[in-house]
Each structure stands twice: as C-alpha cells, then as structure tokens.
$ cat coords-v6.txt   # compact mmCIF, C-alpha atoms
# COMPACT_ATOMS: atom_id res chain seq x y z
CA MET A 1 96.11 94.78 125.65
CA GLN A 2 96.66 95.88 122.02
CA GLU A 3 98.81 98.97 121.56
CA ASN A 4 97.04 101.98 120.11
CA VAL A 5 98.64 102.38 116.67
CA PRO A 6 97.94 105.54 114.64
CA THR A 7 96.41 105.23 111.19
CA SER A 8 97.63 108.65 110.01
CA LEU A 9 100.44 111.01 110.86
CA GLN A 10 99.33 114.01 112.86
CA GLY A 11 100.72 116.49 115.31
CA LEU A 12 103.61 115.36 117.43
CA ASP A 13 104.25 112.06 115.63
CA ALA A 14 104.68 113.87 112.31
CA GLN A 15 106.94 116.47 113.94
CA LEU A 16 109.04 113.77 115.56
CA ILE A 17 109.59 111.96 112.26
CA HIS A 18 110.37 115.23 110.46
CA ALA A 19 112.92 116.04 113.17
CA LEU A 20 114.63 112.68 112.68
CA GLN A 21 114.62 113.19 108.91
CA ILE A 22 116.73 116.30 109.52
CA ALA A 23 118.90 114.85 112.30
CA PRO A 24 118.56 111.04 112.30
CA ARG A 25 120.98 110.38 115.16
CA ALA A 26 120.28 113.45 117.30
CA SER A 27 119.74 112.73 120.98
CA TRP A 28 116.31 113.02 122.53
CA GLN A 29 117.77 115.80 124.68
CA THR A 30 118.40 117.73 121.46
CA ILE A 31 115.12 116.92 119.72
CA ALA A 32 112.68 117.22 122.63
CA PRO A 33 113.05 121.00 123.31
CA VAL A 34 112.51 121.76 119.61
CA LEU A 35 109.19 119.90 119.78
CA GLY A 36 108.20 121.36 123.16
CA ILE A 37 108.23 118.01 124.99
CA ASP A 38 110.55 116.21 127.38
CA PRO A 39 113.13 113.61 126.25
CA VAL A 40 111.27 110.71 127.87
CA THR A 41 108.12 111.52 125.90
CA ALA A 42 110.09 111.82 122.67
CA ALA A 43 111.80 108.46 123.23
CA ARG A 44 108.52 106.77 124.15
CA ARG A 45 106.65 108.05 121.11
CA TRP A 46 109.47 107.06 118.77
CA SER A 47 109.64 103.59 120.30
CA ARG A 48 105.91 103.15 119.71
CA LEU A 49 106.20 104.20 116.06
CA GLU A 50 109.23 101.98 115.50
CA ARG A 51 107.73 98.90 117.16
CA ALA A 52 104.62 99.24 115.01
CA GLY A 53 106.75 99.44 111.85
CA LEU A 54 105.45 102.93 111.08
CA ALA A 55 108.82 104.70 111.06
CA TRP A 56 112.45 103.69 111.25
CA VAL A 57 115.99 104.98 110.70
CA THR A 58 118.16 103.08 108.26
CA ALA A 59 121.55 103.54 106.60
CA TYR A 60 123.14 102.70 103.26
CA PRO A 61 126.08 103.88 101.10
CA GLY A 62 126.10 107.67 100.83
CA ALA A 63 126.27 109.95 97.81
CA ARG A 64 130.03 109.85 97.35
CA ARG A 65 130.16 106.09 97.76
CA LEU A 66 127.30 105.57 95.30
CA ASP A 67 129.31 107.53 92.72
CA ARG A 68 132.04 104.91 93.09
CA MET A 69 129.93 101.79 92.93
CA CYS A 70 127.24 100.41 90.65
CA VAL A 71 123.64 101.49 91.20
CA ALA A 72 121.15 99.76 88.91
CA PHE A 73 117.41 99.97 88.40
CA VAL A 74 116.28 96.59 87.12
CA GLU A 75 112.94 95.84 85.48
CA ILE A 76 111.81 92.23 85.82
CA ASP A 77 109.14 90.35 83.89
CA CYS A 78 107.57 87.27 85.45
CA VAL A 79 105.35 84.38 84.45
CA ALA A 80 101.74 84.97 85.46
CA GLY A 81 101.20 83.97 89.08
CA SER A 82 104.89 83.92 90.01
CA VAL A 83 105.42 87.49 91.22
CA GLU A 84 104.96 86.69 94.92
CA THR A 85 107.42 83.77 94.78
CA VAL A 86 110.03 85.77 92.88
CA THR A 87 109.58 88.69 95.23
CA ARG A 88 110.24 86.62 98.35
CA THR A 89 113.68 85.72 97.00
CA LEU A 90 114.47 89.28 95.90
CA VAL A 91 113.54 90.72 99.31
CA GLY A 92 116.10 88.42 100.93
CA LEU A 93 119.01 89.57 98.74
CA PRO A 94 121.15 92.15 100.60
CA GLN A 95 122.29 93.81 97.36
CA VAL A 96 118.65 94.52 96.46
CA ALA A 97 117.70 97.64 98.41
CA THR A 98 114.14 98.17 97.14
CA VAL A 99 111.52 95.91 95.49
CA GLU A 100 108.31 97.25 93.93
CA GLN A 101 105.47 95.67 91.96
CA MET A 102 104.44 97.93 89.11
CA ALA A 103 101.33 98.44 86.98
CA GLY A 104 102.10 98.14 83.27
CA GLY A 105 105.23 97.55 81.25
CA ARG A 106 107.08 95.42 83.80
CA ASP A 107 106.10 93.30 86.79
CA LEU A 108 108.79 94.40 89.22
CA VAL A 109 111.37 97.16 89.54
CA ILE A 110 114.26 96.68 91.94
CA THR A 111 117.09 98.96 93.03
CA VAL A 112 120.47 97.26 93.30
CA PHE A 113 123.72 98.36 94.98
CA VAL A 114 126.85 96.36 94.06
CA PRO A 115 130.57 97.18 93.93
CA GLY A 116 130.84 97.13 90.14
CA LEU A 117 129.63 95.88 86.77
CA ALA A 118 131.02 92.39 87.23
CA ALA A 119 129.08 92.00 90.46
CA LEU A 120 125.94 93.29 88.74
CA SER A 121 126.34 90.75 85.94
CA GLU A 122 126.79 87.95 88.47
CA LEU A 123 123.72 89.03 90.43
CA LEU A 124 121.51 89.35 87.36
CA LEU A 125 122.64 86.20 85.53
CA ARG A 126 123.23 83.82 88.43
CA ARG A 127 120.82 84.96 91.12
CA ILE A 128 117.89 86.71 89.44
CA ALA A 129 117.51 85.60 85.82
CA GLU A 130 117.62 81.95 86.88
CA LEU A 131 114.81 82.29 89.42
CA PRO A 132 111.79 80.15 88.52
CA GLY A 133 109.16 82.47 87.06
CA VAL A 134 111.52 85.20 85.81
CA THR A 135 111.27 85.62 82.03
CA ALA A 136 113.36 88.75 81.41
CA THR A 137 115.43 91.43 83.13
CA ARG A 138 116.43 94.90 81.89
CA ALA A 139 118.97 96.91 83.83
CA SER A 140 119.47 100.67 83.65
CA ILE A 141 122.70 101.68 85.34
CA GLY A 142 122.69 104.89 87.32
CA THR A 143 125.40 107.19 85.98
CA ARG A 144 124.63 109.77 88.65
CA VAL A 145 122.19 109.83 91.55
CA TYR A 146 121.21 113.48 91.88
CA GLY A 147 119.01 112.97 94.92
CA GLU A 148 117.33 110.15 96.84
CA GLY A 149 114.97 109.53 99.74
CA SER A 150 117.24 110.80 102.52
CA ARG A 151 116.55 114.37 101.33
CA TRP A 152 112.74 113.97 101.30
CA ARG A 153 110.86 115.60 104.19
CA LEU A 154 107.49 115.67 105.83
CA ARG A 155 106.29 119.22 106.24
CA ALA A 156 105.44 119.17 109.93
CA LEU A 157 108.02 121.58 111.40
CA ASP A 158 108.20 125.32 110.96
CA ALA A 159 111.30 127.18 109.77
CA ARG A 160 112.49 127.92 113.31
CA GLN A 161 112.28 124.28 114.33
CA ARG A 162 114.03 123.09 111.18
CA GLU A 163 116.86 125.54 111.67
CA ALA A 164 117.31 124.47 115.30
CA LEU A 165 117.92 120.88 114.20
CA ARG A 166 120.39 121.61 111.41
CA THR A 167 124.03 120.90 112.14
CA THR A 168 127.13 122.20 110.42
CA GLU A 169 128.65 119.46 108.30
CA ALA A 170 132.27 118.63 108.99
CA PRO A 171 134.58 118.92 105.97
CA GLY A 172 135.15 115.65 104.13
CA SER A 173 138.50 114.05 103.47
CA ALA A 174 140.05 112.86 100.23
CA ALA A 175 138.12 109.95 98.76
CA GLY A 176 139.56 106.57 99.66
CA PRO A 177 138.47 102.95 99.76
CA LEU A 178 136.35 101.64 102.59
CA ASP A 179 137.95 98.95 104.71
CA ALA A 180 136.15 95.85 105.94
CA GLN A 181 135.16 97.48 109.23
CA ASP A 182 133.72 100.54 107.46
CA ARG A 183 131.62 98.25 105.28
CA ALA A 184 130.50 96.23 108.28
CA LEU A 185 129.51 99.40 110.11
CA ILE A 186 127.43 100.69 107.19
CA THR A 187 125.67 97.33 106.91
CA GLU A 188 125.03 97.10 110.65
CA MET A 189 123.59 100.61 110.75
CA SER A 190 121.14 99.51 108.08
CA ARG A 191 119.55 97.47 110.87
CA ASP A 192 119.14 100.47 113.15
CA GLY A 193 120.44 103.87 112.12
CA ARG A 194 119.97 105.11 115.68
CA GLY A 195 121.84 102.21 117.25
CA SER A 196 124.18 103.21 120.05
CA ALA A 197 127.93 103.22 119.54
CA VAL A 198 128.18 100.48 122.15
CA ASP A 199 125.70 98.19 120.36
CA LEU A 200 127.18 98.92 116.94
CA GLY A 201 130.68 98.28 118.24
CA ARG A 202 129.64 94.99 119.78
CA ALA A 203 128.16 93.87 116.44
CA VAL A 204 131.21 94.77 114.31
CA GLY A 205 134.00 94.17 116.82
CA LEU A 206 135.01 97.76 117.54
CA SER A 207 135.10 99.90 120.65
CA ALA A 208 132.43 102.56 121.12
CA PRO A 209 134.93 105.46 120.70
CA THR A 210 136.21 103.89 117.47
CA VAL A 211 132.64 103.55 116.17
CA ARG A 212 131.95 107.22 116.93
CA ARG A 213 135.16 108.30 115.18
CA ARG A 214 134.55 106.12 112.11
CA LEU A 215 130.90 107.10 111.87
CA GLY A 216 131.82 110.78 112.04
CA ARG A 217 134.25 110.30 109.17
CA LEU A 218 131.79 108.27 107.09
CA LEU A 219 129.12 110.94 107.50
CA ALA A 220 131.50 113.83 106.78
CA ASP A 221 132.78 112.06 103.65
CA ARG A 222 129.23 111.20 102.52
CA ASP A 223 130.19 107.53 102.47
CA ILE A 224 127.10 106.68 104.52
CA ALA A 225 123.57 108.06 104.25
CA LEU A 226 121.01 108.01 107.06
CA ARG A 227 117.29 108.07 106.39
CA CYS A 228 114.31 108.32 108.70
CA GLU A 229 111.64 106.49 106.73
CA VAL A 230 107.90 106.39 107.26
CA ALA A 231 105.14 104.03 106.18
CA ARG A 232 103.67 105.79 103.17
CA GLU A 233 100.09 104.92 104.13
CA LEU A 234 100.37 107.33 107.07
CA THR A 235 101.30 110.31 104.92
CA GLU A 236 99.35 112.56 102.59
CA TRP A 237 101.08 110.84 99.66
CA PRO A 238 99.89 107.20 99.53
CA ILE A 239 100.60 106.77 95.80
CA SER A 240 104.06 106.12 94.39
CA ALA A 241 105.07 106.28 90.73
CA THR A 242 108.23 105.96 88.65
CA LEU A 243 108.77 107.94 85.44
CA TRP A 244 111.31 107.45 82.66
CA ALA A 245 112.33 110.45 80.55
CA SER A 246 114.88 111.76 78.06
CA VAL A 247 116.75 115.04 78.41
CA PRO A 248 119.62 116.43 76.30
CA ALA A 249 122.84 115.75 78.19
CA THR A 250 123.54 119.48 78.47
CA HIS A 251 120.28 119.94 80.39
CA LEU A 252 120.49 116.95 82.74
CA ALA A 253 121.88 118.76 85.79
CA GLU A 254 119.46 121.68 85.55
CA THR A 255 116.51 119.33 84.97
CA ALA A 256 117.47 117.31 88.04
CA ARG A 257 117.72 120.50 90.11
CA VAL A 258 114.20 121.56 89.12
CA LEU A 259 112.79 118.08 89.74
CA LEU A 260 114.37 117.84 93.17
CA GLY A 261 112.77 121.17 94.04
CA LEU A 262 109.33 119.57 93.74
CA PRO A 263 107.99 118.16 97.02
CA GLU A 264 106.66 115.06 95.27
CA VAL A 265 110.06 113.90 93.95
CA ARG A 266 111.86 111.31 96.07
CA LEU A 267 114.57 110.05 93.71
CA CYS A 268 116.20 111.48 90.59
CA ALA A 269 118.97 109.67 88.72
CA ALA A 270 120.65 109.80 85.33
CA VAL A 271 120.63 106.32 83.81
CA THR A 272 121.81 104.38 80.79
CA GLY A 273 119.42 103.09 78.15
CA ARG A 274 116.84 104.51 75.76
CA GLN A 275 115.82 107.01 78.45
CA ASN A 276 118.53 108.83 80.38
CA LEU A 277 116.55 110.06 83.40
CA LEU A 278 114.54 108.18 86.02
CA PHE A 279 112.64 109.75 88.90
CA THR A 280 110.16 108.57 91.50
CA LEU A 281 107.25 110.42 93.06
CA TRP A 282 105.03 110.25 96.12
CA LEU A 283 101.58 111.56 95.20
CA GLN A 284 98.21 112.19 96.81
CA SER A 285 96.27 110.41 94.07
CA VAL A 286 96.73 108.55 90.78
CA GLN A 287 95.29 111.59 89.00
CA ASP A 288 98.25 113.63 90.24
CA VAL A 289 100.51 111.84 87.76
CA GLN A 290 98.81 113.65 84.88
CA ARG A 291 98.76 116.94 86.77
CA LEU A 292 102.47 116.71 87.44
CA GLU A 293 103.22 115.76 83.84
CA ILE A 294 101.48 118.94 82.66
CA GLN A 295 103.41 120.97 85.21
CA LEU A 296 106.70 119.42 84.09
CA GLY A 297 105.89 120.13 80.45
CA GLU A 298 105.47 123.80 81.28
CA ARG A 299 108.58 124.12 83.44
CA LEU A 300 110.93 121.76 81.60
CA PRO A 301 110.46 122.04 77.82
CA HIS A 302 113.54 119.85 77.20
CA LEU A 303 112.07 116.96 79.21
CA GLN A 304 110.41 114.23 77.17
CA LEU A 305 108.47 111.65 79.19
CA HIS A 306 108.53 108.16 77.71
CA ASP A 307 106.92 105.93 80.33
CA ARG A 308 105.36 105.97 83.75
CA ALA A 309 104.31 103.23 86.14
CA ILE A 310 102.28 103.27 89.33
CA VAL A 311 103.56 101.17 92.22
CA LEU A 312 100.96 98.56 93.11
CA LYS A 313 102.85 97.27 96.13
CA GLN A 314 106.17 97.97 97.78
CA TYR A 315 107.72 94.79 99.17
CA LYS A 316 111.01 96.25 100.33
CA LEU A 317 112.21 99.77 100.97
CA MET A 318 115.91 100.43 101.50
CA GLY A 319 116.51 97.30 103.55
CA ARG A 320 113.10 96.95 105.21
CA ALA A 321 110.68 94.18 104.25
CA LEU A 322 107.18 95.68 104.24
CA ASP A 323 103.69 94.33 104.78
CA ASP A 324 100.67 95.02 102.57
CA ARG A 325 100.21 98.41 104.25
CA GLY A 326 103.81 99.53 103.85
CA ARG A 327 104.78 98.92 107.47
CA ALA A 328 108.20 97.50 108.30
CA LEU A 329 108.06 93.79 109.09
CA ASP A 330 111.70 92.77 109.09
CA VAL A 331 115.21 94.03 108.38
CA VAL A 332 117.29 92.77 105.47
CA PRO A 333 120.42 94.94 105.87
CA VAL A 334 121.65 96.67 102.72
CA ASP A 335 125.00 95.09 101.94
CA PRO A 336 126.42 95.80 98.46
CA TRP A 337 129.52 93.76 99.31
CA ALA A 338 127.73 90.53 100.25
CA GLY A 339 129.07 87.41 98.55

$ encode --input "coords-v6.txt" --output "structure tokens"
Amino acid sequence: MQENVPTSLQGLDAQLIHALQIAPRASWQTIAPVLGIDPVTAARRWSRLERAGLAWVTAYPGARRLDRMCVAFVEIDCVAGSVETVTRTLVGLPQVATVEQMAGGRDLVITVFVPGLAALSELLLRRIAELPGVTATRASIGTRVYGEGSRWRLRALDARQREALRTTEAPGSAAGPLDAQDRALITEMSRDGRGSAVDLGRAVGLSAPTVRRRLGRLLADRDIALRCEVARELTEWPISATLWASVPATHLAETARVLLGLPEVRLCAAVTGRQNLLFTLWLQSVQDVQRLEIQLGERLPHLQLHDRAIVLKQYKLMGRALDDRGRALDVVPVDPWAG
C-alpha cells in the first residue's frame, strides 16, 4: 500500500517542521506539548515526512567555523547538453554543499566549503575545471556570511509556541582548531542531524557521553550549524533566485541586516569580485523578483543590483541530493576536509 504523502505543507506538518527549525535536536517530549499532540504522534509524523524526503535535519560547519575556512560561490559554464553529466559529478563531491542550475548568465552555481584557498584552487583546477563539458568557472569567495538557511523559518507557530521552544545558548569558548573527531562528528551529523548520541558515537568511534559533550561544545562555539530543511515545493515559496549586488563597504553590515529582516531572504554573504554582495531568495512567483527589487531600491538606496538569476532546478541542498521536485533522494555528507 502506497504511503499517503502530502503535496503541500499544512497544519501540524508545517508546525512540526517550524518547531524543528527552532530546536532541531529537541526531544519529542519537548516538542509535542508545544504542538498539542503526544510524543508518539510527533515522532510518527516526522518519520513520514523524512522517509518521503519532504523534510530533514542536516548539519554543516557553523558561523564561527565558516569565518575560519573558505566559502566560495562558483559559477560554472557548460557545453550545451552536458549540464546533467557535470551535475552528477558535482553532487557527489563532499566539499560541494549545494548545486543549482540557473537561468541566464551561467549554467550552474555551486556553494563550496573547503579549509582554505589552496584547497579551493585544487578543487577548481583538478576536480571541476577538468570535467568533460565544463568550459569555465568563476569563483566569488565569501568574506563574511551574514546569514544562511539555518535562520530561515516557516511561519506556522505563534509567538507563544516559538518562545516555548527557544533555549538559552551556552557561552562559547575561545576559538580553537577542530580535531579529527570534531570534524568526523560534524560530517556524520550531516547524514542525520537528529541522530542519537549512541548512533553518532558508533559511527565516529566515541562513547555516547563524549558525543553529547563534544556536540554541546560545538553548538555553543558555533562550530556546527543544524538546519531543518524542507522540500521547497511544499512551501508557499516555490521559486528560488540569487542576486548579485554592490554596496559601499561602509554600508555592508547595515545592508545585510536589512536584507536578513526580509522573510524571503535565505542567504546573505559579502563576496569578492565585481559585486561584493550575494543573496538568495525564496519567492512565491517569478514576478516577485521585480517586486522585491523595487522594495529594495526604496529601502536600501546604497544597494546597486547588477545581476539576478532564477533557479531552474536544485540538484543538491546542503548535503542532500534532490529529485526533480526538490525532495531528498540521498545523502552526500558535507565534508570540507575530504581529500
């Protein structure tokens, strides 16, 4: 018998995903009372969504760690008819977190996490530029990621419910290097951000108490980010777009703050190149790109938009290989340190 899979997010499913966006590893005993259901029902509904590839919890290097490594947004041009073949290889690379096919100006845009510039050069020259069908690559290096998808929320819970799920963040420690077990834990949690300490420990060779202690430190230090993701087709925002802009350096931080206050903005990063700001949007329609551009012109007079591109298809999203409808098909763990 075929499982009944929802085609849109409504009611309890939307509330459940919103709850996990706020508290990705909260227990069902914590989440269920906020939603007015019992823990068994919460677990069952989440399992159904996850099995169908409609929602999932993933992990990747957090904000402080991203400031200490190389984040790059790479535009790729391909020979006609080769995009699918090139994409299959890119999806399998653990350093490539996200892969998108774009309309106009470039065939693909990928997001890359690597330890440093030398690793980026190696990846671009030896692994990507030499792929059959690739004709050119252009990399913009992120100088600061102001905000990314882990902060984006559905709007399914009321203020009382949101407040009930918020936790007080533990103070972070002085920044230090990650050891091999920290890196292994971040990569393993990319497979399942809600994995139990026992399962995670078994995968990386640590005891469950050690996993809990390390994970608590990684979260407090913002060395790991957790994200409850959702298939975009289920939301009110089925269209995705990326915009490139220029802003005077003195206005970058304030511009990013305003942009991140807009519900449509998923990512905002300062980058190198002819344009120094890149941001991505989830929109209700293609026409909303123009509406938002007008709104930005009124609110941000220093912002000069140079280019915009609609996402035709998302092949990979932060470590998840996606099908034609944006549902998770497979896991390719995000691993910036892979050889």

$ closest_atom_pairs --input "coords-v6.txt" --of "stretch 249-306 of chain A" --to "stretch 68-82 of chain A" --cutoff "10 Å" --atoms "all atoms listed in the file" --output "Markdown table"
| residue | atom | partner | partner_atom | distance |
| --- | --- | --- | --- | --- |
| A:Ala269 | CA | A:Val71 | CA | 9.7 |
| A:Val271 | CA | A:Ala72 | CA | 8.3 |
| A:Thr272 | CA | A:Ala72 | CA | 9.4 |
| A:Leu278 | CA | A:Phe73 | CA | 9.0 |

$ closest_residue --input "coords-v6.txt" --among "A:Leu329, A:Leu252, A:Leu219, A:Leu93" --to "A:Ile128" --atoms "all atoms listed in the file"
A:Leu93

$ residues_near_point --input "coords-v6.txt" --point "(117.4, 108.3, 93.9)" --cutoff "6 Å" --atoms "all atoms listed in the file" --output "MDAnalysis selection string"
chainID A and resid 145 147:148 267:269

$ residues_around --input "coords-v6.txt" --residues "A:Leu281" --least-positions-apart "4" --cutoff "9 Å" --atoms "only C-alpha atoms" --output "count of residues only"
11

$ closest_atom_pairs --input "coords-v6.txt" --of "stretch 123-190 of chain A" --to "stretch 33-57 of chain A" --cutoff "9 Å" --atoms "all atoms listed in the file" --output "Markdown table"
| residue | atom | partner | partner_atom | distance |
| --- | --- | --- | --- | --- |
| A:Leu157 | CA | A:Leu35 | CA | 8.6 |
| A:Arg160 | CA | A:Val34 | CA | 8.8 |
| A:Gln161 | CA | A:Val34 | CA | 5.9 |
| A:Arg162 | CA | A:Val34 | CA | 8.7 |
| A:Ala164 | CA | A:Val34 | CA | 7.0 |
| A:Leu165 | CA | A:Val34 | CA | 7.7 |
| A:Met189 | CA | A:Val57 | CA | 8.8 |
| A:Ser190 | CA | A:Val57 | CA | 8.0 |

$ write_last_selection --input "coords-v6.txt" --atoms "C-alpha atoms" --output "compact mmCIF listing (two decimals), in the frame of the given file"
# COMPACT_ATOMS: atom_id res chain seq x y z
CA LEU A 157 108.02 121.58 111.40
CA ARG A 160 112.49 127.92 113.31
CA GLN A 161 112.28 124.28 114.33
CA ARG A 162 114.03 123.09 111.18
CA ALA A 164 117.31 124.47 115.30
CA LEU A 165 117.92 120.88 114.20
CA MET A 189 123.59 100.61 110.75
CA SER A 190 121.14 99.51 108.08

$ residues_around --input "coords-v6.txt" --residues "A:Pro24" --least-positions-apart "6" --cutoff "7 Å" --atoms "all atoms listed in the file" --output "ChimeraX atom specification"
/A:57,194,226-228

$ atom_distance --input "coords-v6.txt" --atom1 "atom CA of A:Leu117" --atom2 "atom CA of A:Gln181"
23.2 Å
